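Chemist: Hey, dropping structure_1.cif in here, mmCIF, C-alpha atoms:
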data_data
loop_
_atom_site.group_PDB
_atom_site.id
_atom_site.type_symbol
_atom_site.label_atom_id
_atom_site.label_comp_id
_atom_site.auth_asym_id
_atom_site.auth_seq_id
_atom_site.Cartn_x
_atom_site.Cartn_y
_atom_site.Cartn_z
ATOM 1 C CA MET A 1 83.468 51.024 154.802
ATOM 2 C CA PHE A 2 82.763 54.751 154.423
ATOM 3 C CA GLN A 3 81.013 55.747 151.224
ATOM 4 C CA LEU A 4 80.004 59.275 150.346
ATOM 5 C CA HIS A 5 76.227 59.632 150.013
ATOM 6 C CA PRO A 6 75.306 59.743 146.295
ATOM 7 C CA GLN A 7 73.433 63.037 146.666
ATOM 8 C CA LEU A 8 76.507 64.683 148.195
ATOM 9 C CA ALA A 9 78.654 63.184 145.455
ATOM 10 C CA ALA A 10 76.289 64.556 142.803
ATOM 11 C CA ASP A 11 76.185 68.098 144.231
ATOM 12 C CA THR A 12 79.888 68.574 144.916
ATOM 13 C CA VAL A 13 83.458 68.436 143.657
ATOM 14 C CA PRO A 14 86.194 66.927 145.880
ATOM 15 C CA VAL A 15 88.720 69.502 147.105
ATOM 16 C CA VAL A 16 90.984 67.860 149.680
ATOM 17 C CA THR A 17 90.867 64.969 152.150
ATOM 18 C CA TRP A 18 91.786 65.734 155.747
ATOM 19 C CA ARG A 19 92.360 63.356 158.632
ATOM 20 C CA LEU A 20 88.669 63.095 159.498
ATOM 21 C CA CYS A 21 86.721 64.843 156.767
ATOM 22 C CA GLN A 22 86.399 64.847 153.035
ATOM 23 C CA VAL A 23 86.280 68.506 152.025
ATOM 24 C CA LEU A 24 83.910 69.100 149.122
ATOM 25 C CA LEU A 25 82.923 72.185 147.147
ATOM 26 C CA ILE A 26 79.212 72.586 146.422
ATOM 27 C CA ASN A 27 78.829 73.180 142.698
ATOM 28 C CA ASP A 28 77.050 76.508 143.153
ATOM 29 C CA ALA A 29 78.877 79.644 142.108
ATOM 30 C CA ASN A 30 76.529 81.819 144.169
ATOM 31 C CA TYR A 31 78.662 81.255 147.286
ATOM 32 C CA PRO A 32 82.054 79.827 148.249
ATOM 33 C CA TRP A 33 80.402 76.827 149.894
ATOM 34 C CA LEU A 34 82.259 73.881 151.382
ATOM 35 C CA VAL A 35 80.861 70.721 152.895
ATOM 36 C CA LEU A 36 82.899 68.637 155.338
ATOM 37 C CA VAL A 37 81.957 64.971 155.546
ATOM 38 C CA PRO A 38 83.499 62.913 158.360
ATOM 39 C CA ALA A 39 84.661 59.692 156.717
ATOM 40 C CA ARG A 40 82.963 57.428 159.254
ATOM 41 C CA ASP A 41 80.184 55.031 158.521
ATOM 42 C CA GLY A 42 76.682 55.519 159.893
ATOM 43 C CA LEU A 43 76.826 59.064 161.322
ATOM 44 C CA ARG A 44 73.791 61.345 161.181
ATOM 45 C CA ASP A 45 74.274 64.005 163.864
ATOM 46 C CA LEU A 46 77.284 65.741 165.385
ATOM 47 C CA ASP A 47 76.556 63.937 168.635
ATOM 48 C CA ASP A 48 77.144 60.606 166.876
ATOM 49 C CA LEU A 49 80.871 61.419 166.610
ATOM 50 C CA GLU A 50 83.249 59.719 169.019
ATOM 51 C CA PRO A 51 84.889 62.286 171.348
ATOM 52 C CA ALA A 52 88.232 62.317 169.510
ATOM 53 C CA ASP A 53 86.450 62.711 166.179
ATOM 54 C CA LEU A 54 84.278 65.489 167.589
ATOM 55 C CA GLN A 55 87.380 67.412 168.546
ATOM 56 C CA ARG A 56 88.910 66.808 165.133
ATOM 57 C CA ALA A 57 85.678 67.816 163.383
ATOM 58 C CA SER A 58 85.601 71.114 165.267
ATOM 59 C CA GLU A 59 89.246 71.720 164.382
ATOM 60 C CA GLU A 60 88.574 70.977 160.718
ATOM 61 C CA ILE A 61 85.508 73.280 160.708
ATOM 62 C CA VAL A 62 87.736 76.053 162.075
ATOM 63 C CA ARG A 63 90.441 75.271 159.559
ATOM 64 C CA ALA A 64 87.938 75.470 156.708
ATOM 65 C CA SER A 65 86.495 78.704 158.118
ATOM 66 C CA LYS A 66 89.914 80.339 158.345
ATOM 67 C CA ALA A 67 90.779 79.214 154.826
ATOM 68 C CA LEU A 68 87.580 80.756 153.431
ATOM 69 C CA LYS A 69 88.350 83.979 155.288
ATOM 70 C CA SER A 70 91.869 84.023 153.943
ATOM 71 C CA ALA A 71 90.846 83.249 150.356
ATOM 72 C CA PHE A 72 87.691 85.362 150.025
ATOM 73 C CA SER A 73 87.540 87.965 152.855
ATOM 74 C CA PRO A 74 83.830 87.295 153.473
ATOM 75 C CA ASP A 75 81.604 89.304 155.808
ATOM 76 C CA LYS A 76 80.608 86.208 157.775
ATOM 77 C CA ILE A 77 81.106 82.476 157.975
ATOM 78 C CA ASN A 78 78.017 80.297 158.286
ATOM 79 C CA VAL A 79 78.365 76.795 159.710
ATOM 80 C CA GLY A 80 75.544 74.286 159.724
ATOM 81 C CA ALA A 81 74.900 70.597 160.245
ATOM 82 C CA LEU A 82 71.307 70.096 159.128
ATOM 83 C CA GLY A 83 70.864 66.884 157.162
ATOM 84 C CA ASN A 84 67.080 66.738 157.035
ATOM 85 C CA MET A 85 67.204 65.561 153.434
ATOM 86 C CA VAL A 86 70.582 63.835 153.132
ATOM 87 C CA PRO A 87 70.985 61.663 156.219
ATOM 88 C CA GLN A 88 74.793 61.270 156.109
ATOM 89 C CA LEU A 89 76.443 63.692 158.536
ATOM 90 C CA HIS A 90 77.809 66.671 156.616
ATOM 91 C CA ILE A 91 78.774 70.106 157.794
ATOM 92 C CA HIS A 92 78.276 73.203 155.653
ATOM 93 C CA VAL A 93 80.942 75.914 155.925
ATOM 94 C CA ILE A 94 79.967 78.882 153.787
ATOM 95 C CA ALA A 95 81.558 82.250 153.081
ATOM 96 C CA ARG A 96 78.816 84.887 153.158
ATOM 97 C CA PHE A 97 78.807 88.371 151.739
ATOM 98 C CA ALA A 98 76.464 91.285 152.354
ATOM 99 C CA ASP A 99 75.826 91.370 148.584
ATOM 100 C CA ASP A 100 75.302 87.635 148.032
ATOM 101 C CA PRO A 101 71.903 86.488 146.692
ATOM 102 C CA ALA A 102 70.567 85.254 150.039
ATOM 103 C CA TRP A 103 72.006 87.736 152.550
ATOM 104 C CA PRO A 104 71.134 88.038 155.414
ATOM 105 C CA GLN A 105 69.079 84.867 155.229
ATOM 106 C CA PRO A 106 70.588 81.379 155.385
ATOM 107 C CA ILE A 107 71.437 80.230 151.871
ATOM 108 C CA TRP A 108 69.390 77.066 151.665
ATOM 109 C CA GLY A 109 66.555 77.222 149.179
ATOM 110 C CA VAL A 110 66.789 80.932 148.402
ATOM 111 C CA VAL A 111 68.047 80.882 144.804
ATOM 112 C CA PRO A 112 68.674 77.937 142.466
ATOM 113 C CA ALA A 113 72.211 76.571 142.359
ATOM 114 C CA GLN A 114 74.305 78.123 139.611
ATOM 115 C CA PRO A 115 76.852 75.503 138.490
ATOM 116 C CA TYR A 116 80.376 76.777 137.905
ATOM 117 C CA ALA A 117 81.632 77.184 134.353
ATOM 118 C CA ALA A 118 84.571 74.811 133.788
ATOM 119 C CA ASP A 119 87.218 77.540 133.906
ATOM 120 C CA ALA A 120 85.698 79.179 136.963
ATOM 121 C CA LEU A 121 85.570 75.844 138.732
ATOM 122 C CA ASP A 122 89.236 75.145 138.034
ATOM 123 C CA ALA A 123 90.187 78.601 139.273
ATOM 124 C CA ARG A 124 88.134 78.242 142.432
ATOM 125 C CA LEU A 125 89.576 74.802 143.176
ATOM 126 C CA ASP A 126 93.098 76.181 142.776
ATOM 127 C CA VAL A 127 92.395 78.971 145.242
ATOM 128 C CA LEU A 128 90.715 76.615 147.687
ATOM 129 C CA ARG A 129 93.389 73.940 147.585
ATOM 130 C CA ASP A 130 96.014 76.586 148.206
ATOM 131 C CA ALA A 131 94.078 78.001 151.170
ATOM 132 C CA LEU A 132 92.964 74.677 152.643
ATOM 133 C CA GLY A 133 96.269 72.856 152.393
ATOM 134 C CA ALA A 134 96.773 69.454 150.960
ATOM 135 C CA SER A 135 96.013 67.216 153.953
ATOM 136 C CA MET B 136 82.767 91.848 180.380
ATOM 137 C CA PHE B 137 80.451 89.462 178.492
ATOM 138 C CA GLN B 138 76.978 90.801 177.851
ATOM 139 C CA LEU B 139 74.274 88.916 175.965
ATOM 140 C CA HIS B 140 73.270 90.707 172.753
ATOM 141 C CA PRO B 141 69.929 92.501 173.326
ATOM 142 C CA GLN B 142 68.301 90.760 170.340
ATOM 143 C CA LEU B 143 69.188 87.344 171.744
ATOM 144 C CA ALA B 144 67.951 88.454 175.173
ATOM 145 C CA ALA B 145 64.650 89.602 173.634
ATOM 146 C CA ASP B 146 64.045 86.380 171.677
ATOM 147 C CA THR B 147 64.930 83.848 174.370
ATOM 148 C CA VAL B 148 64.429 82.593 177.902
ATOM 149 C CA PRO B 149 67.477 81.523 179.970
ATOM 150 C CA VAL B 150 67.557 77.790 180.672
ATOM 151 C CA VAL B 151 70.911 76.927 182.266
ATOM 152 C CA THR B 152 74.446 78.291 182.346
ATOM 153 C CA TRP B 153 77.236 75.877 181.477
ATOM 154 C CA ARG B 154 80.983 76.323 181.799
ATOM 155 C CA LEU B 155 81.326 78.066 178.445
ATOM 156 C CA CYS B 156 77.841 78.756 177.158
ATOM 157 C CA GLN B 157 74.635 80.329 178.278
ATOM 158 C CA VAL B 158 71.887 77.954 177.161
ATOM 159 C CA LEU B 159 68.778 79.802 176.015
ATOM 160 C CA LEU B 160 65.380 78.674 174.742
ATOM 161 C CA ILE B 161 64.039 80.538 171.711
ATOM 162 C CA ASN B 162 60.521 81.671 172.547
ATOM 163 C CA ASP B 163 58.962 79.846 169.614
ATOM 164 C CA ALA B 164 56.716 76.906 170.381
ATOM 165 C CA ASN B 165 57.020 75.638 166.790
ATOM 166 C CA TYR B 166 60.261 73.801 167.639
ATOM 167 C CA PRO B 167 62.289 72.800 170.699
ATOM 168 C CA TRP B 168 64.990 75.345 169.829
ATOM 169 C CA LEU B 169 68.017 76.094 171.955
ATOM 170 C CA VAL B 170 70.709 78.682 171.412
ATOM 171 C CA LEU B 171 74.146 78.316 173.014
ATOM 172 C CA VAL B 172 76.060 81.538 173.525
ATOM 173 C CA PRO B 173 79.720 81.275 174.552
ATOM 174 C CA ALA B 174 80.145 83.800 177.372
ATOM 175 C CA ARG B 175 83.202 85.446 175.855
ATOM 176 C CA ASP B 176 83.409 89.018 174.704
ATOM 177 C CA GLY B 177 83.810 89.899 171.026
ATOM 178 C CA LEU B 178 83.237 86.559 169.264
ATOM 179 C CA ARG B 179 81.514 86.403 165.865
ATOM 180 C CA ASP B 180 82.493 83.077 164.286
ATOM 181 C CA LEU B 181 83.328 79.622 165.592
ATOM 182 C CA ASP B 182 86.910 80.148 164.467
ATOM 183 C CA ASP B 183 87.200 83.094 166.876
ATOM 184 C CA LEU B 184 87.100 80.653 169.819
ATOM 185 C CA GLU B 185 90.348 79.851 171.593
ATOM 186 C CA PRO B 186 91.249 76.149 171.154
ATOM 187 C CA ALA B 187 90.146 75.113 174.652
ATOM 188 C CA ASP B 188 86.862 76.977 174.233
ATOM 189 C CA LEU B 189 86.347 75.410 170.796
ATOM 190 C CA GLN B 190 86.612 71.975 172.348
ATOM 191 C CA ARG B 191 84.246 72.973 175.143
ATOM 192 C CA ALA B 192 81.783 74.493 172.668
ATOM 193 C CA SER B 193 81.678 71.285 170.658
ATOM 194 C CA GLU B 194 81.139 69.262 173.842
ATOM 195 C CA GLU B 195 78.317 71.570 174.920
ATOM 196 C CA ILE B 196 76.698 71.365 171.449
ATOM 197 C CA VAL B 197 76.746 67.579 171.779
ATOM 198 C CA ARG B 198 75.411 67.750 175.321
ATOM 199 C CA ALA B 199 72.522 69.960 174.175
ATOM 200 C CA SER B 200 71.862 67.653 171.198
ATOM 201 C CA LYS B 201 71.705 64.569 173.394
ATOM 202 C CA ALA B 202 69.417 66.343 175.871
ATOM 203 C CA LEU B 203 66.996 67.299 173.098
ATOM 204 C CA LYS B 204 67.037 63.716 171.835
ATOM 205 C CA SER B 205 66.385 62.392 175.324
ATOM 206 C CA ALA B 206 63.585 64.872 176.058
ATOM 207 C CA PHE B 207 61.778 64.981 172.712
ATOM 208 C CA SER B 208 62.817 61.987 170.547
ATOM 209 C CA PRO B 209 63.160 64.156 167.424
ATOM 210 C CA ASP B 210 63.766 62.859 163.916
ATOM 211 C CA LYS B 211 66.894 65.008 163.499
ATOM 212 C CA ILE B 212 69.035 67.563 165.274
ATOM 213 C CA ASN B 213 69.964 70.716 163.353
ATOM 214 C CA VAL B 214 73.011 72.688 164.455
ATOM 215 C CA GLY B 215 73.890 76.063 162.995
ATOM 216 C CA ALA B 216 76.130 79.033 163.677
ATOM 217 C CA LEU B 217 74.931 81.683 161.232
ATOM 218 C CA GLY B 218 74.842 85.147 162.815
ATOM 219 C CA ASN B 219 74.270 87.220 159.700
ATOM 220 C CA MET B 220 71.841 89.429 161.576
ATOM 221 C CA VAL B 221 72.954 89.158 165.221
ATOM 222 C CA PRO B 222 76.749 89.460 165.228
ATOM 223 C CA GLN B 223 77.397 87.866 168.645
ATOM 224 C CA LEU B 224 78.467 84.218 168.207
ATOM 225 C CA HIS B 225 75.502 81.969 168.966
ATOM 226 C CA ILE B 226 74.884 78.365 168.042
ATOM 227 C CA HIS B 227 71.422 77.038 167.253
ATOM 228 C CA VAL B 228 70.630 73.482 168.377
ATOM 229 C CA ILE B 229 67.158 72.506 167.232
ATOM 230 C CA ALA B 230 65.064 69.361 167.568
ATOM 231 C CA ARG B 231 63.405 68.712 164.216
ATOM 232 C CA PHE B 232 60.402 66.547 163.417
ATOM 233 C CA ALA B 233 59.080 65.274 160.096
ATOM 234 C CA ASP B 234 55.763 66.972 160.956
ATOM 235 C CA ASP B 235 57.131 70.325 162.113
ATOM 236 C CA PRO B 236 56.092 73.440 160.164
ATOM 237 C CA ALA B 237 59.372 73.809 158.243
ATOM 238 C CA TRP B 238 60.412 70.181 157.598
ATOM 239 C CA PRO B 239 62.571 69.350 155.663
ATOM 240 C CA GLN B 240 63.759 72.928 155.192
ATOM 241 C CA PRO B 241 65.882 74.768 157.745
ATOM 242 C CA ILE B 242 63.614 76.555 160.218
ATOM 243 C CA TRP B 243 64.793 80.126 159.741
ATOM 244 C CA GLY B 244 62.163 82.402 158.238
ATOM 245 C CA VAL B 245 59.642 79.706 157.307
ATOM 246 C CA VAL B 246 56.809 80.447 159.725
ATOM 247 C CA PRO B 247 56.419 83.274 162.264
ATOM 248 C CA ALA B 248 57.556 82.571 165.815
ATOM 249 C CA GLN B 249 54.728 81.345 168.012
ATOM 250 C CA PRO B 250 55.494 82.486 171.571
ATOM 251 C CA TYR B 251 54.849 79.923 174.290
ATOM 252 C CA ALA B 252 51.810 80.324 176.531
ATOM 253 C CA ALA B 253 52.969 80.867 180.123
ATOM 254 C CA ASP B 254 52.043 77.362 181.302
ATOM 255 C CA ALA B 255 53.584 75.710 178.248
ATOM 256 C CA LEU B 256 56.789 77.692 178.735
ATOM 257 C CA ASP B 257 57.058 76.620 182.370
ATOM 258 C CA ALA B 258 56.482 73.000 181.408
ATOM 259 C CA ARG B 259 59.056 73.121 178.607
ATOM 260 C CA LEU B 260 61.657 74.750 180.871
ATOM 261 C CA ASP B 261 61.113 72.045 183.488
ATOM 262 C CA VAL B 262 61.665 69.315 180.913
ATOM 263 C CA LEU B 263 64.714 71.066 179.465
ATOM 264 C CA ARG B 264 66.377 71.799 182.787
ATOM 265 C CA ASP B 265 65.915 68.196 183.779
ATOM 266 C CA ALA B 266 67.431 66.954 180.515
ATOM 267 C CA LEU B 267 70.216 69.532 180.279
ATOM 268 C CA GLY B 268 71.391 69.346 183.882
ATOM 269 C CA ALA B 269 71.984 72.277 186.144
ATOM 270 C CA SER B 270 75.536 73.286 185.271
#
For the structure just supplied, provide its representation as structure tokens.
Modeler:
Amino acid sequence: MFQLHPQLAADTVPVVTWRLCQVLLINDANYPWLVLVPARDGLRDLDDLEPADLQRASEEIVRASKALKSAFSPDKINVGALGNMVPQLHIHVIARFADDPAWPQPIWGVVPAQPYAADALDARLDVLRDALGAS
Amino acid sequence: MFQLHPQLAADTVPVVTWRLCQVLLINDANYPWLVLVPARDGLRDLDDLEPADLQRASEEIVRASKALKSAFSPDKINVGALGNMVPQLHIHVIARFADDPAWPQPIWGVVPAQPYAADALDARLDVLRDALGAS
């Protein structure tokens, strides 16, 4: 019965689907910015996950983090589960750089999203799918 | 050889020590705001944790989240591992309210920290230690 929240669907492009999470790319070229959405109905907070799903979520967060490191060599990974505006549990995994527009602040609300050009989006998805693996 | 980063030590009050993490209270009365610091040397990102510690970290994040819910009945829990400024891995677990000073934004950098008065700090630590458990 899982359905991706319409706001998440509007802001992102699907990248891959893992055992627990849908892995989405935020359509903002300012940062390599993934969102992991556990495909379970009715979750809001990390503590709503069943124990086996919690373990899998943490493994998938790490997998996404390592993939971003491998693909982009960032200065830092930021991970966050906030959800004050979009109530469906989603976990941000973001590659941060000392010269990105928000550094060293968290990225939320600092500069407007800059949608990818079509070619740049295709290129980024290729790199991400290669780094993240198919499933 | 683990030593708490001096900036984290300066900004927080120790609450309890769990199997993996030191649980600290940020000295900011604007929000019930915990920080969990895995007591392992040399960690920066969640993906630096060994697999067993990753599982324990996720369990302790959930334990802290449930304790904040039990003690404060917040509208949302925010969890974040950012660390752009303080490089030692630390995980924020924050009870958020629709009438708190930053809602619905993330809390970082919105309003200046408001240190607890001594009596209020003692009262908050009592509530937290009761909710979090001793070890």
Chemist: Every residue with an atom at most 9 Å from (75.0, 65.3, 160.5) (file coordinates; all atoms listed in the file) is what I'm after, so could you write them as a PDB file with C-alpha atoms, in the coordinates of the input?
Modeler:
ATOM      1  CA  VAL A  37      81.957  64.971 155.546  1.00  0.00           C
ATOM      2  CA  LEU A  43      76.826  59.064 161.322  1.00  0.00           C
ATOM      3  CA  ARG A  44      73.791  61.345 161.181  1.00  0.00           C
ATOM      4  CA  ASP A  45      74.274  64.005 163.864  1.00  0.00           C
ATOM      5  CA  LEU A  46      77.284  65.741 165.385  1.00  0.00           C
ATOM      6  CA  ASP A  47      76.556  63.937 168.635  1.00  0.00           C
ATOM      7  CA  ASP A  48      77.144  60.606 166.876  1.00  0.00           C
ATOM      8  CA  ALA A  81      74.900  70.597 160.245  1.00  0.00           C
ATOM      9  CA  LEU A  82      71.307  70.096 159.128  1.00  0.00           C
ATOM     10  CA  GLY A  83      70.864  66.884 157.162  1.00  0.00           C
ATOM     11  CA  ASN A  84      67.080  66.738 157.035  1.00  0.00           C
ATOM     12  CA  VAL A  86      70.582  63.835 153.132  1.00  0.00           C
ATOM     13  CA  PRO A  87      70.985  61.663 156.219  1.00  0.00           C
ATOM     14  CA  GLN A  88      74.793  61.270 156.109  1.00  0.00           C
ATOM     15  CA  LEU A  89      76.443  63.692 158.536  1.00  0.00           C
ATOM     16  CA  HIS A  90      77.809  66.671 156.616  1.00  0.00           C
ATOM     17  CA  ILE A  91      78.774  70.106 157.794  1.00  0.00           C
TER      18      ILE A  91
ATOM     19  CA  LYS B 211      66.894  65.008 163.499  1.00  0.00           C
ATOM     20  CA  ILE B 212      69.035  67.563 165.274  1.00  0.00           C
ATOM     21  CA  ASN B 213      69.964  70.716 163.353  1.00  0.00           C
ATOM     22  CA  VAL B 214      73.011  72.688 164.455  1.00  0.00           C
TER      23      VAL B 214
END
Chemist: Using only C-alpha atoms, can you tell me which of B:Tyr251, B:Trp168, B:Phe137, B:Trp238 comes closest to chain A?
Modeler: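 Distance minimum relative to chain A lands on B:Trp238.
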Chemist: For Thr12 (chain A), work out the shell of residues within 9 Å, counting all atoms listed in the file and skipping chain neighbours fewer than 4 positions away, then give it as number ranges by chain.
Modeler: A: 7-8, 24-28, 34-35
Chemist: Hey, can you check how far CA of Ala255 (chain B) sits from CA of Glu195 (chain B)?
Modeler: 25.3 Å
Chemist: If I take CA of Leu49 (chain A) and CA of Arg96 (chain A), how far is one from the other in Å, to one decimal?
Modeler: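 Between these atoms lies a distance of 27.1 Å.
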Chemist: Need to verify the contact set: Lys66 (chain A), 9 Å, all atoms listed in the file, exclusion of same-chain residues closer than 5 positions in sequence. Can you return it as a VMD selection string?
Modeler: (chain A and resid 61 71 131 to 132) or (chain B and resid 182)
Chemist: Need the axis-aligned box for region 154-169 of chain B with 4 Å each side, so what are the centre and edges in Å to one decimal, as JSON?
Modeler:
{"center_x": 69.0, "center_y": 77.2, "center_z": 174.3, "size_x": 32.6, "size_y": 16.9, "size_z": 23.0}
Chemist: Report the distance between CA of Pro112 (chain A) and CA of Val15 (chain A) in Å, rounded to one decimal place.
Modeler: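 Going from CA of Pro112 (chain A) over to CA of Val15 (chain A), I get 22.2 Å.
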Chemist: Enumerate, as a list of chain:residue names, the protein, DNA and RNA residues whose atoms approach (83.7, 68.0, 169.9) to within 8 Å, taking into account all atoms listed in the file and the coordinate frame of the file.
Modeler: A:Leu49, A:Pro51, A:Ala52, A:Asp53, A:Leu54, A:Gln55, A:Arg56, A:Ala57, A:Ser58, B:Leu189, B:Gln190, B:Arg191, B:Ala192, B:Ser193, B:Glu194, B:Ile196, B:Val197
Chemist: Could you write those residues out with C-alpha atoms, as an mmCIF file, keeping the file's coordinate frame?
Modeler:
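Okay, this is what ended up in out-v6.cif:
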data_model
loop_
_atom_site.group_PDB
_atom_site.id
_atom_site.type_symbol
_atom_site.label_atom_id
_atom_site.label_comp_id
_atom_site.auth_asym_id
_atom_site.auth_seq_id
_atom_site.Cartn_x
_atom_site.Cartn_y
_atom_site.Cartn_z
ATOM 1 C CA LEU A 49 80.871 61.419 166.610
ATOM 2 C CA PRO A 51 84.889 62.286 171.348
ATOM 3 C CA ALA A 52 88.232 62.317 169.510
ATOM 4 C CA ASP A 53 86.450 62.711 166.179
ATOM 5 C CA LEU A 54 84.278 65.489 167.589
ATOM 6 C CA GLN A 55 87.380 67.412 168.546
ATOM 7 C CA ARG A 56 88.910 66.808 165.133
ATOM 8 C CA ALA A 57 85.678 67.816 163.383
ATOM 9 C CA SER A 58 85.601 71.114 165.267
ATOM 10 C CA LEU B 189 86.347 75.410 170.796
ATOM 11 C CA GLN B 190 86.612 71.975 172.348
ATOM 12 C CA ARG B 191 84.246 72.973 175.143
ATOM 13 C CA ALA B 192 81.783 74.493 172.668
ATOM 14 C CA SER B 193 81.678 71.285 170.658
ATOM 15 C CA GLU B 194 81.139 69.262 173.842
ATOM 16 C CA ILE B 196 76.698 71.365 171.449
ATOM 17 C CA VAL B 197 76.746 67.579 171.779
#
Chemist: I'd like to see the residues matched by the PyMOL selection byres ((chain B and resi 268) around 10) on this file, and ideally I'd get them as a list in words.
Modeler: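 Applying the expression gives Val150, Val151, Thr152, Trp153, Arg198, Ala199, Ala202, Leu263, Arg264, Asp265, Ala266, Leu267, Ala269 and Ser270 of chain B.
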Chemist: At a cut-off of 10 Å, using all atoms listed in the file, what residues contact Val246 (chain B)? Leave out same-chain residues fewer than 6 positions from it and give the result as a PyMOL selection string.
Modeler: chain B and resi 165+236-237
Chemist: Which one is closest to chain B: A:Asp126, A:Asp119, A:Asp11, A:Asp99? Count all atoms listed in the file.
Modeler: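 Nearest to chain B: A:Asp99.
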Chemist: Between A:Ala95, A:Ile107, A:Ala118, A:Met85, which is the closest to chain B once you count all atoms listed in the file?
Modeler: A:Met85
Chemist: Some atoms are missing, so please complete region 42-56 of chain A with N, CA and C atoms and return it as a PDB file, in the frame of the given file.
Modeler:
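Output saved as selection-v6.pdb:
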ATOM      1  N   GLY A  42      77.873  55.568 159.047  1.00  0.00           N
ATOM      2  CA  GLY A  42      76.682  55.519 159.893  1.00  0.00           C
ATOM      3  C   GLY A  42      76.425  56.728 160.778  1.00  0.00           C
ATOM      4  N   LEU A  43      77.062  57.870 160.499  1.00  0.00           N
ATOM      5  CA  LEU A  43      76.826  59.064 161.322  1.00  0.00           C
ATOM      6  C   LEU A  43      75.676  59.874 160.742  1.00  0.00           C
ATOM      7  N   ARG A  44      74.847  60.418 161.627  1.00  0.00           N
ATOM      8  CA  ARG A  44      73.791  61.345 161.181  1.00  0.00           C
ATOM      9  C   ARG A  44      73.952  62.724 161.817  1.00  0.00           C
ATOM     10  N   ASP A  45      74.212  62.743 163.127  1.00  0.00           N
ATOM     11  CA  ASP A  45      74.274  64.005 163.864  1.00  0.00           C
ATOM     12  C   ASP A  45      75.675  64.199 164.438  1.00  0.00           C
ATOM     13  N   LEU A  46      75.989  65.457 164.754  1.00  0.00           N
ATOM     14  CA  LEU A  46      77.284  65.741 165.385  1.00  0.00           C
ATOM     15  C   LEU A  46      77.484  64.918 166.656  1.00  0.00           C
ATOM     16  N   ASP A  47      76.402  64.683 167.380  1.00  0.00           N
ATOM     17  CA  ASP A  47      76.556  63.937 168.635  1.00  0.00           C
ATOM     18  C   ASP A  47      76.762  62.442 168.410  1.00  0.00           C
ATOM     19  N   ASP A  48      76.772  61.999 167.173  1.00  0.00           N
ATOM     20  CA  ASP A  48      77.144  60.606 166.876  1.00  0.00           C
ATOM     21  C   ASP A  48      78.660  60.428 166.796  1.00  0.00           C
ATOM     22  N   LEU A  49      79.412  61.520 166.714  1.00  0.00           N
ATOM     23  CA  LEU A  49      80.871  61.419 166.610  1.00  0.00           C
ATOM     24  C   LEU A  49      81.470  60.936 167.930  1.00  0.00           C
ATOM     25  N   GLU A  50      82.463  60.075 167.833  1.00  0.00           N
ATOM     26  CA  GLU A  50      83.249  59.719 169.019  1.00  0.00           C
ATOM     27  C   GLU A  50      83.976  60.976 169.509  1.00  0.00           C
ATOM     28  N   PRO A  51      84.289  61.052 170.814  1.00  0.00           N
ATOM     29  CA  PRO A  51      84.889  62.286 171.348  1.00  0.00           C
ATOM     30  C   PRO A  51      86.128  62.764 170.581  1.00  0.00           C
ATOM     31  N   ALA A  52      87.031  61.866 170.219  1.00  0.00           N
ATOM     32  CA  ALA A  52      88.232  62.317 169.510  1.00  0.00           C
ATOM     33  C   ALA A  52      87.875  62.851 168.124  1.00  0.00           C
ATOM     34  N   ASP A  53      86.888  62.227 167.492  1.00  0.00           N
ATOM     35  CA  ASP A  53      86.450  62.711 166.179  1.00  0.00           C
ATOM     36  C   ASP A  53      85.701  64.037 166.296  1.00  0.00           C
ATOM     37  N   LEU A  54      84.971  64.214 167.369  1.00  0.00           N
ATOM     38  CA  LEU A  54      84.278  65.489 167.589  1.00  0.00           C
ATOM     39  C   LEU A  54      85.293  66.628 167.680  1.00  0.00           C
ATOM     40  N   GLN A  55      86.346  66.384 168.433  1.00  0.00           N
ATOM     41  CA  GLN A  55      87.380  67.412 168.546  1.00  0.00           C
ATOM     42  C   GLN A  55      88.012  67.678 167.173  1.00  0.00           C
ATOM     43  N   ARG A  56      88.296  66.622 166.452  1.00  0.00           N
ATOM     44  CA  ARG A  56      88.910  66.808 165.133  1.00  0.00           C
ATOM     45  C   ARG A  56      87.938  67.504 164.182  1.00  0.00           C
TER      46      ARG A  56
END
